[in-house]
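run27.txt (compact mmCIF, N, CA and C atoms) appears below.
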# COMPACT_ATOMS: atom_id res chain seq x y z
N MET T 289 160.45 83.98 76.07
CA MET T 289 159.95 84.85 75.02
C MET T 289 160.77 84.63 73.76
N GLN T 290 160.10 84.44 72.66
CA GLN T 290 160.78 84.31 71.39
C GLN T 290 160.74 85.65 70.68
N LEU T 291 161.89 86.08 70.17
CA LEU T 291 161.95 87.36 69.46
C LEU T 291 161.35 87.22 68.06
N PRO T 292 160.69 88.28 67.58
CA PRO T 292 160.17 88.26 66.21
C PRO T 292 161.31 88.13 65.19
N PRO T 293 161.02 87.65 63.99
CA PRO T 293 162.05 87.57 62.94
C PRO T 293 162.71 88.93 62.71
N ASN T 294 163.97 88.90 62.33
CA ASN T 294 164.78 90.09 62.02
C ASN T 294 165.13 90.92 63.25
N SER T 295 164.89 90.42 64.45
CA SER T 295 165.28 91.13 65.67
C SER T 295 166.79 91.02 65.85
N ILE T 296 167.37 92.02 66.51
CA ILE T 296 168.83 92.04 66.71
C ILE T 296 169.18 92.51 68.12
N ILE T 297 170.40 92.18 68.50
CA ILE T 297 171.01 92.74 69.71
C ILE T 297 172.10 93.67 69.22
N ALA T 298 172.05 94.92 69.67
CA ALA T 298 173.03 95.93 69.27
C ALA T 298 173.73 96.46 70.51
N SER T 299 174.95 96.90 70.33
CA SER T 299 175.75 97.39 71.44
C SER T 299 176.56 98.59 70.99
N GLY T 300 176.71 99.56 71.89
CA GLY T 300 177.51 100.72 71.54
C GLY T 300 177.81 101.61 72.72
N PRO T 301 178.82 102.46 72.55
CA PRO T 301 179.20 103.37 73.61
C PRO T 301 178.43 104.69 73.56
N VAL T 302 178.23 105.25 74.73
CA VAL T 302 177.76 106.62 74.86
C VAL T 302 178.98 107.39 75.34
N ILE T 303 179.46 108.30 74.51
CA ILE T 303 180.67 109.05 74.81
C ILE T 303 180.25 110.48 75.14
N ILE T 304 180.61 110.92 76.34
CA ILE T 304 180.24 112.26 76.80
C ILE T 304 181.51 112.99 77.21
N GLU T 305 181.66 114.22 76.71
CA GLU T 305 182.82 115.04 77.06
C GLU T 305 182.35 116.47 77.30
N GLU T 306 183.15 117.20 78.08
CA GLU T 306 182.86 118.61 78.29
C GLU T 306 183.50 119.39 77.15
N ILE T 307 182.67 120.17 76.45
CA ILE T 307 183.13 120.98 75.33
C ILE T 307 182.57 122.38 75.53
N ASN T 308 183.45 123.36 75.56
CA ASN T 308 183.05 124.76 75.78
C ASN T 308 182.15 124.91 77.00
N GLY T 309 182.49 124.20 78.07
CA GLY T 309 181.75 124.33 79.33
C GLY T 309 180.43 123.58 79.38
N LYS T 310 180.11 122.80 78.35
CA LYS T 310 178.85 122.04 78.33
C LYS T 310 179.15 120.55 78.17
N LEU T 311 178.36 119.72 78.86
CA LEU T 311 178.47 118.28 78.65
C LEU T 311 177.82 117.94 77.31
N CYS T 312 178.58 117.27 76.44
CA CYS T 312 178.12 116.95 75.10
C CYS T 312 178.28 115.46 74.83
N THR T 313 177.43 114.95 73.96
CA THR T 313 177.53 113.55 73.55
C THR T 313 177.88 113.49 72.07
N LEU T 314 178.64 112.47 71.72
CA LEU T 314 179.04 112.24 70.34
C LEU T 314 177.95 111.46 69.62
N LEU T 315 177.45 112.02 68.51
CA LEU T 315 176.46 111.35 67.67
C LEU T 315 176.95 111.33 66.23
N ASN T 316 176.46 110.38 65.45
CA ASN T 316 176.80 110.35 64.04
C ASN T 316 175.58 109.97 63.22
N LYS T 317 175.70 110.21 61.92
CA LYS T 317 174.67 109.79 60.95
C LYS T 317 175.35 108.94 59.89
N ALA T 318 174.72 107.83 59.57
CA ALA T 318 175.22 106.97 58.49
C ALA T 318 174.85 107.59 57.15
N LYS T 319 175.57 107.19 56.14
CA LYS T 319 175.24 107.65 54.78
C LYS T 319 173.89 107.08 54.37
N THR T 320 173.19 107.81 53.53
CA THR T 320 171.90 107.37 52.99
C THR T 320 172.13 106.19 52.05
N THR T 321 171.29 105.16 52.21
CA THR T 321 171.33 104.00 51.32
C THR T 321 169.89 103.59 51.02
N ASP T 322 169.71 102.63 50.11
CA ASP T 322 168.37 102.12 49.83
C ASP T 322 167.75 101.52 51.09
N LYS T 323 168.58 100.84 51.87
CA LYS T 323 168.12 100.21 53.10
C LYS T 323 167.86 101.23 54.21
N ARG T 324 168.56 102.36 54.16
CA ARG T 324 168.44 103.40 55.17
C ARG T 324 168.26 104.75 54.47
N PRO T 325 167.04 105.04 53.97
CA PRO T 325 166.83 106.25 53.19
C PRO T 325 166.86 107.55 54.02
N ASN T 326 166.54 107.48 55.30
CA ASN T 326 166.52 108.67 56.15
C ASN T 326 167.27 108.42 57.45
N PRO T 327 168.61 108.40 57.40
CA PRO T 327 169.36 108.11 58.62
C PRO T 327 169.10 109.15 59.70
N LYS T 328 169.12 108.71 60.93
CA LYS T 328 168.93 109.59 62.08
C LYS T 328 170.25 109.71 62.84
N TRP T 329 170.34 110.75 63.66
CA TRP T 329 171.49 110.89 64.54
C TRP T 329 171.46 109.74 65.53
N GLN T 330 172.60 109.12 65.77
CA GLN T 330 172.66 107.96 66.65
C GLN T 330 173.98 107.91 67.39
N PHE T 331 174.00 107.11 68.47
CA PHE T 331 175.26 106.78 69.11
C PHE T 331 176.01 105.84 68.18
N CYS T 332 177.31 105.74 68.34
CA CYS T 332 178.06 104.71 67.63
C CYS T 332 177.54 103.36 68.10
N GLY T 333 177.66 102.38 67.28
CA GLY T 333 177.26 101.04 67.71
C GLY T 333 176.69 100.24 66.57
N GLY T 334 176.42 98.98 66.87
CA GLY T 334 175.87 98.13 65.84
C GLY T 334 175.56 96.75 66.36
N GLU T 335 175.18 95.93 65.44
CA GLU T 335 174.67 94.59 65.74
C GLU T 335 175.78 93.64 66.20
N ALA T 336 175.45 92.88 67.23
CA ALA T 336 176.34 91.78 67.64
C ALA T 336 176.30 90.76 66.51
N GLU T 337 177.46 90.38 66.01
CA GLU T 337 177.50 89.54 64.82
C GLU T 337 177.34 88.05 65.10
N ASP T 338 177.59 87.65 66.33
CA ASP T 338 177.31 86.27 66.71
C ASP T 338 177.21 86.20 68.23
N PHE T 339 176.76 85.09 68.75
CA PHE T 339 176.50 84.98 70.17
C PHE T 339 177.74 84.60 70.98
N ASP T 340 178.86 84.40 70.32
CA ASP T 340 180.10 84.12 71.05
C ASP T 340 180.87 85.39 71.38
N VAL T 341 180.36 86.55 70.96
CA VAL T 341 181.07 87.80 71.13
C VAL T 341 180.53 88.55 72.35
N ASN T 342 181.45 89.05 73.16
CA ASN T 342 181.11 89.89 74.29
C ASN T 342 180.53 91.21 73.77
N LEU T 343 179.46 91.72 74.37
CA LEU T 343 178.83 92.96 73.89
C LEU T 343 179.73 94.18 74.09
N GLU T 344 180.62 94.15 75.07
CA GLU T 344 181.60 95.24 75.20
C GLU T 344 182.54 95.24 74.01
N GLU T 345 182.94 94.05 73.55
CA GLU T 345 183.81 93.97 72.37
C GLU T 345 183.08 94.44 71.12
N THR T 346 181.78 94.16 71.03
CA THR T 346 180.98 94.67 69.91
C THR T 346 181.00 96.20 69.91
N ALA T 347 180.79 96.82 71.07
CA ALA T 347 180.81 98.28 71.17
C ALA T 347 182.16 98.83 70.73
N LYS T 348 183.25 98.19 71.17
CA LYS T 348 184.60 98.65 70.80
C LYS T 348 184.83 98.52 69.30
N ARG T 349 184.40 97.39 68.71
CA ARG T 349 184.56 97.18 67.28
C ARG T 349 183.79 98.21 66.47
N GLU T 350 182.54 98.44 66.87
CA GLU T 350 181.68 99.35 66.11
C GLU T 350 182.19 100.80 66.15
N VAL T 351 182.63 101.27 67.31
CA VAL T 351 183.11 102.65 67.39
C VAL T 351 184.41 102.82 66.61
N LYS T 352 185.22 101.77 66.56
CA LYS T 352 186.45 101.81 65.77
C LYS T 352 186.10 101.90 64.28
N GLU T 353 185.12 101.10 63.83
CA GLU T 353 184.70 101.12 62.42
C GLU T 353 184.07 102.46 62.05
N GLU T 354 183.20 102.97 62.92
CA GLU T 354 182.44 104.17 62.59
C GLU T 354 183.22 105.47 62.77
N MET T 355 184.00 105.57 63.86
CA MET T 355 184.63 106.85 64.19
C MET T 355 186.16 106.78 64.25
N GLY T 356 186.73 105.60 64.06
CA GLY T 356 188.18 105.48 64.03
C GLY T 356 188.86 105.67 65.37
N ILE T 357 188.12 105.48 66.46
CA ILE T 357 188.69 105.68 67.80
C ILE T 357 188.57 104.40 68.63
N ASP T 358 189.38 104.34 69.65
CA ASP T 358 189.25 103.29 70.65
C ASP T 358 188.46 103.88 71.82
N ILE T 359 187.98 103.01 72.69
CA ILE T 359 187.24 103.47 73.87
C ILE T 359 187.66 102.66 75.08
N GLU T 360 187.43 103.26 76.22
CA GLU T 360 187.55 102.56 77.50
C GLU T 360 186.15 102.54 78.10
N ILE T 361 185.58 101.36 78.26
CA ILE T 361 184.23 101.25 78.80
C ILE T 361 184.28 101.43 80.31
N GLU T 362 183.43 102.34 80.79
CA GLU T 362 183.38 102.63 82.22
C GLU T 362 182.31 101.81 82.93
N LYS T 363 181.10 101.73 82.33
CA LYS T 363 180.03 100.97 82.97
C LYS T 363 178.87 100.77 82.00
N LEU T 364 178.03 99.79 82.33
CA LEU T 364 176.78 99.59 81.61
C LEU T 364 175.83 100.71 82.00
N LEU T 365 175.23 101.36 81.01
CA LEU T 365 174.30 102.46 81.26
C LEU T 365 172.85 102.00 81.25
N ASP T 366 172.46 101.34 80.16
CA ASP T 366 171.05 101.02 79.98
C ASP T 366 170.88 99.99 78.87
N VAL T 367 169.77 99.28 78.95
CA VAL T 367 169.36 98.36 77.89
C VAL T 367 167.94 98.77 77.52
N ILE T 368 167.72 99.04 76.24
CA ILE T 368 166.42 99.52 75.77
C ILE T 368 165.91 98.57 74.68
N LEU T 369 164.62 98.26 74.74
CA LEU T 369 163.96 97.50 73.68
C LEU T 369 163.27 98.48 72.75
N ILE T 370 163.54 98.35 71.47
CA ILE T 370 162.96 99.25 70.47
C ILE T 370 162.20 98.42 69.45
N LYS T 371 160.92 98.69 69.28
CA LYS T 371 160.12 98.00 68.27
C LYS T 371 160.25 98.75 66.95
N ARG T 372 160.62 98.02 65.89
CA ARG T 372 160.78 98.64 64.58
C ARG T 372 159.49 98.51 63.78
N ASN T 373 159.45 99.20 62.65
CA ASN T 373 158.25 99.22 61.80
C ASN T 373 157.83 97.84 61.33
N ASP T 374 158.78 96.92 61.18
CA ASP T 374 158.45 95.57 60.72
C ASP T 374 158.09 94.63 61.88
N ASN T 375 157.89 95.21 63.07
CA ASN T 375 157.56 94.49 64.32
C ASN T 375 158.73 93.70 64.89
N SER T 376 159.91 93.82 64.30
CA SER T 376 161.08 93.21 64.91
C SER T 376 161.53 94.08 66.09
N ILE T 377 162.43 93.55 66.89
CA ILE T 377 162.88 94.23 68.10
C ILE T 377 164.38 94.45 68.02
N VAL T 378 164.84 95.61 68.48
CA VAL T 378 166.25 95.87 68.69
C VAL T 378 166.46 95.90 70.20
N ILE T 379 167.35 95.06 70.68
CA ILE T 379 167.77 95.13 72.08
C ILE T 379 169.06 95.94 72.05
N ALA T 380 168.98 97.19 72.52
CA ALA T 380 170.11 98.13 72.43
C ALA T 380 170.79 98.24 73.80
N VAL T 381 172.05 97.82 73.83
CA VAL T 381 172.85 97.83 75.06
C VAL T 381 173.81 99.02 74.98
N HIS T 382 173.72 99.91 75.97
CA HIS T 382 174.50 101.14 75.98
C HIS T 382 175.53 101.13 77.11
N TYR T 383 176.77 101.49 76.77
CA TYR T 383 177.85 101.58 77.75
C TYR T 383 178.36 103.01 77.81
N LEU T 384 178.61 103.52 79.01
CA LEU T 384 179.31 104.79 79.14
C LEU T 384 180.77 104.51 78.87
N ALA T 385 181.39 105.32 78.00
CA ALA T 385 182.77 105.06 77.60
C ALA T 385 183.55 106.36 77.41
N LYS T 386 184.86 106.26 77.58
CA LYS T 386 185.77 107.37 77.32
C LYS T 386 186.40 107.17 75.95
N ARG T 387 186.55 108.26 75.23
CA ARG T 387 187.19 108.23 73.91
C ARG T 387 188.70 108.19 74.08
N ILE T 388 189.34 107.39 73.21
CA ILE T 388 190.80 107.34 73.15
C ILE T 388 191.18 107.62 71.69
N GLY T 389 191.83 108.72 71.44
CA GLY T 389 192.27 109.06 70.09
C GLY T 389 191.40 110.12 69.42
N GLU T 390 191.86 110.54 68.27
CA GLU T 390 191.17 111.56 67.49
C GLU T 390 190.17 110.92 66.54
N ILE T 391 189.06 111.57 66.36
CA ILE T 391 187.98 111.05 65.52
C ILE T 391 188.37 111.13 64.04
N LYS T 392 188.25 109.97 63.38
CA LYS T 392 188.48 109.87 61.94
C LYS T 392 187.36 109.00 61.39
N PRO T 393 186.23 109.61 61.01
CA PRO T 393 185.05 108.83 60.62
C PRO T 393 185.32 107.84 59.49
N GLY T 394 184.67 106.69 59.59
CA GLY T 394 184.78 105.66 58.57
C GLY T 394 183.93 106.00 57.35
N PRO T 395 184.03 105.18 56.31
CA PRO T 395 183.37 105.48 55.04
C PRO T 395 181.84 105.44 55.08
N GLU T 396 181.25 104.81 56.10
CA GLU T 396 179.79 104.73 56.17
C GLU T 396 179.15 105.91 56.90
N ILE T 397 179.97 106.81 57.44
CA ILE T 397 179.46 107.95 58.22
C ILE T 397 179.40 109.20 57.34
N SER T 398 178.22 109.84 57.31
CA SER T 398 178.07 111.06 56.51
C SER T 398 178.32 112.31 57.35
N GLU T 399 177.95 112.27 58.62
CA GLU T 399 178.12 113.42 59.51
C GLU T 399 178.38 112.93 60.92
N TRP T 400 179.03 113.77 61.72
CA TRP T 400 179.18 113.52 63.15
C TRP T 400 179.31 114.86 63.84
N ASN T 401 178.96 114.87 65.13
CA ASN T 401 179.06 116.13 65.87
C ASN T 401 178.94 115.84 67.36
N TRP T 402 179.37 116.79 68.16
CA TRP T 402 179.16 116.79 69.60
C TRP T 402 177.93 117.64 69.87
N PHE T 403 176.95 117.10 70.59
CA PHE T 403 175.72 117.82 70.90
C PHE T 403 175.59 117.99 72.41
N PRO T 404 175.33 119.23 72.87
CA PRO T 404 175.05 119.42 74.30
C PRO T 404 173.88 118.52 74.71
N LEU T 405 173.96 117.97 75.91
CA LEU T 405 172.93 117.03 76.37
C LEU T 405 171.54 117.64 76.38
N ASP T 406 171.45 118.96 76.54
CA ASP T 406 170.14 119.61 76.55
C ASP T 406 169.79 120.26 75.21
N GLU T 407 170.55 119.94 74.15
CA GLU T 407 170.29 120.50 72.82
C GLU T 407 170.45 119.41 71.75
N LEU T 408 169.80 118.28 71.96
CA LEU T 408 169.91 117.18 71.01
C LEU T 408 169.13 117.50 69.73
N PRO T 409 169.57 117.00 68.59
CA PRO T 409 168.85 117.27 67.34
C PRO T 409 167.48 116.57 67.35
N GLU T 410 166.56 117.11 66.58
CA GLU T 410 165.21 116.55 66.51
C GLU T 410 165.18 115.16 65.89
N ASP T 411 166.03 114.94 64.89
CA ASP T 411 165.99 113.67 64.17
C ASP T 411 166.97 112.65 64.75
N CYS T 412 166.76 112.32 66.03
CA CYS T 412 167.57 111.32 66.73
C CYS T 412 166.91 109.94 66.64
N ALA T 413 167.73 108.91 66.73
CA ALA T 413 167.21 107.55 66.87
C ALA T 413 166.42 107.49 68.18
N PRO T 414 165.46 106.56 68.29
CA PRO T 414 164.56 106.54 69.45
C PRO T 414 165.22 106.23 70.79
N ASN T 415 166.43 105.71 70.79
CA ASN T 415 167.10 105.39 72.05
C ASN T 415 167.90 106.56 72.63
N ILE T 416 168.15 107.59 71.86
CA ILE T 416 169.06 108.67 72.29
C ILE T 416 168.51 109.43 73.50
N LYS T 417 167.33 110.00 73.36
CA LYS T 417 166.80 110.85 74.43
C LYS T 417 166.56 110.09 75.74
N PRO T 418 166.01 108.86 75.73
CA PRO T 418 165.85 108.15 77.01
C PRO T 418 167.18 107.88 77.72
N VAL T 419 168.22 107.54 76.97
CA VAL T 419 169.52 107.27 77.57
C VAL T 419 170.11 108.56 78.14
N ILE T 420 170.03 109.64 77.39
CA ILE T 420 170.56 110.93 77.88
C ILE T 420 169.80 111.39 79.11
N GLU T 421 168.47 111.23 79.10
CA GLU T 421 167.68 111.62 80.27
C GLU T 421 168.09 110.82 81.51
N LYS T 422 168.38 109.54 81.32
CA LYS T 422 168.81 108.70 82.44
C LYS T 422 170.17 109.20 82.97
N ILE T 423 171.08 109.58 82.08
CA ILE T 423 172.38 110.10 82.49
C ILE T 423 172.20 111.40 83.27
N GLN T 424 171.33 112.28 82.79
CA GLN T 424 171.12 113.57 83.45
C GLN T 424 170.53 113.41 84.84
N LYS T 425 169.73 112.37 85.06
CA LYS T 425 169.10 112.15 86.36
C LYS T 425 170.07 111.52 87.38
N SER T 426 171.13 110.90 86.88
CA SER T 426 172.04 110.22 87.81
C SER T 426 173.15 111.12 88.31
Just dump the structure as structure tokens.
Amino acid sequence: MQLPPNSIIASGPVIIEEINGKLCTLLNKAKTTDKRPNPKWQFCGGEAEDFDVNLEETAKREVKEEMGIDIEIEKLLDVILIKRNDNSIVIAVHYLAKRIGEIKPGPEISEWNWFPLDELPEDCAPNIKPVIEKIQKS
């Protein structure tokens, strides 16, 4: 199968912690730009920059850039294919990970928060709810 033009492989951690007696996931929103006029709540993560890079290393790099933390990857959670409006595809690789350090958001992040798994915001990226549902079932 050949991927459509502008398709990408993205990788990122799903970080879940107990906060006030509820299991919560860490989500963030990027700042609004011309390229991204309506950012959605998303997991940390981003595009693999070349094919010589391990996807776990991509997840570690992206969470460090976005949230200023290190992570310990526990396991592969899920791989989701997402069709974008331009018919390109995002292959999103999700890892369950533990946070190491205090959150210090990078300059591209406008907001971040911990959301209870059963109280996710309405304006989430399309991969959030399927991944959380899979975690809840396991």
Nearest to Lys422 (chain T), chosen from T:Ile370, T:Glu306, T:Leu365, T:Ser376, with only C-alpha atoms counted in the distances: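 Nearest to Lys422 (chain T): T:Leu365.
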Using only N, CA and C atoms, the shortest atom-to-atom distance to Phe403 (chain T) among T:Ile423, T:Ile303, T:Ile297, T:Leu314 belongs to T:Leu314
For CA of Tyr383 (chain T) and CA of Lys323 (chain T), determine how far apart the two atoms are, in Å to one decimal place.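 Computing the Euclidean distance for CA of Tyr383 (chain T) and CA of Lys323 (chain T) yields 26.5 Å.
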Nearest residue to Cys412 (chain T) out of T:Ile304, T:Ser295, T:Thr313, T:Lys328, using all atoms listed in the file?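 Of T:Ile304, T:Ser295, T:Thr313, T:Lys328, the one nearest Cys412 (chain T), counting all atoms listed in the file, is T:Lys328.
DSSP secondary structure from the backbone places Leu343, Glu344, Glu345, Thr346, Ala347, Lys348, Arg349, Glu350, Val351, Lys352, Glu353, Glu354 and Met355 of chain T of region 340-377 of chain T in helix (DSSP H, G or I).
The space separating atom C of Glu390 (chain T) from CA of Pro325 (chain T) comes to 27.3 Å.
Using all atoms listed in the file, the shortest contact distance between Ala298 (chain T) and any of T:Asp406, T:Asp322, T:Glu421, T:Glu337 is found at T:Glu337.
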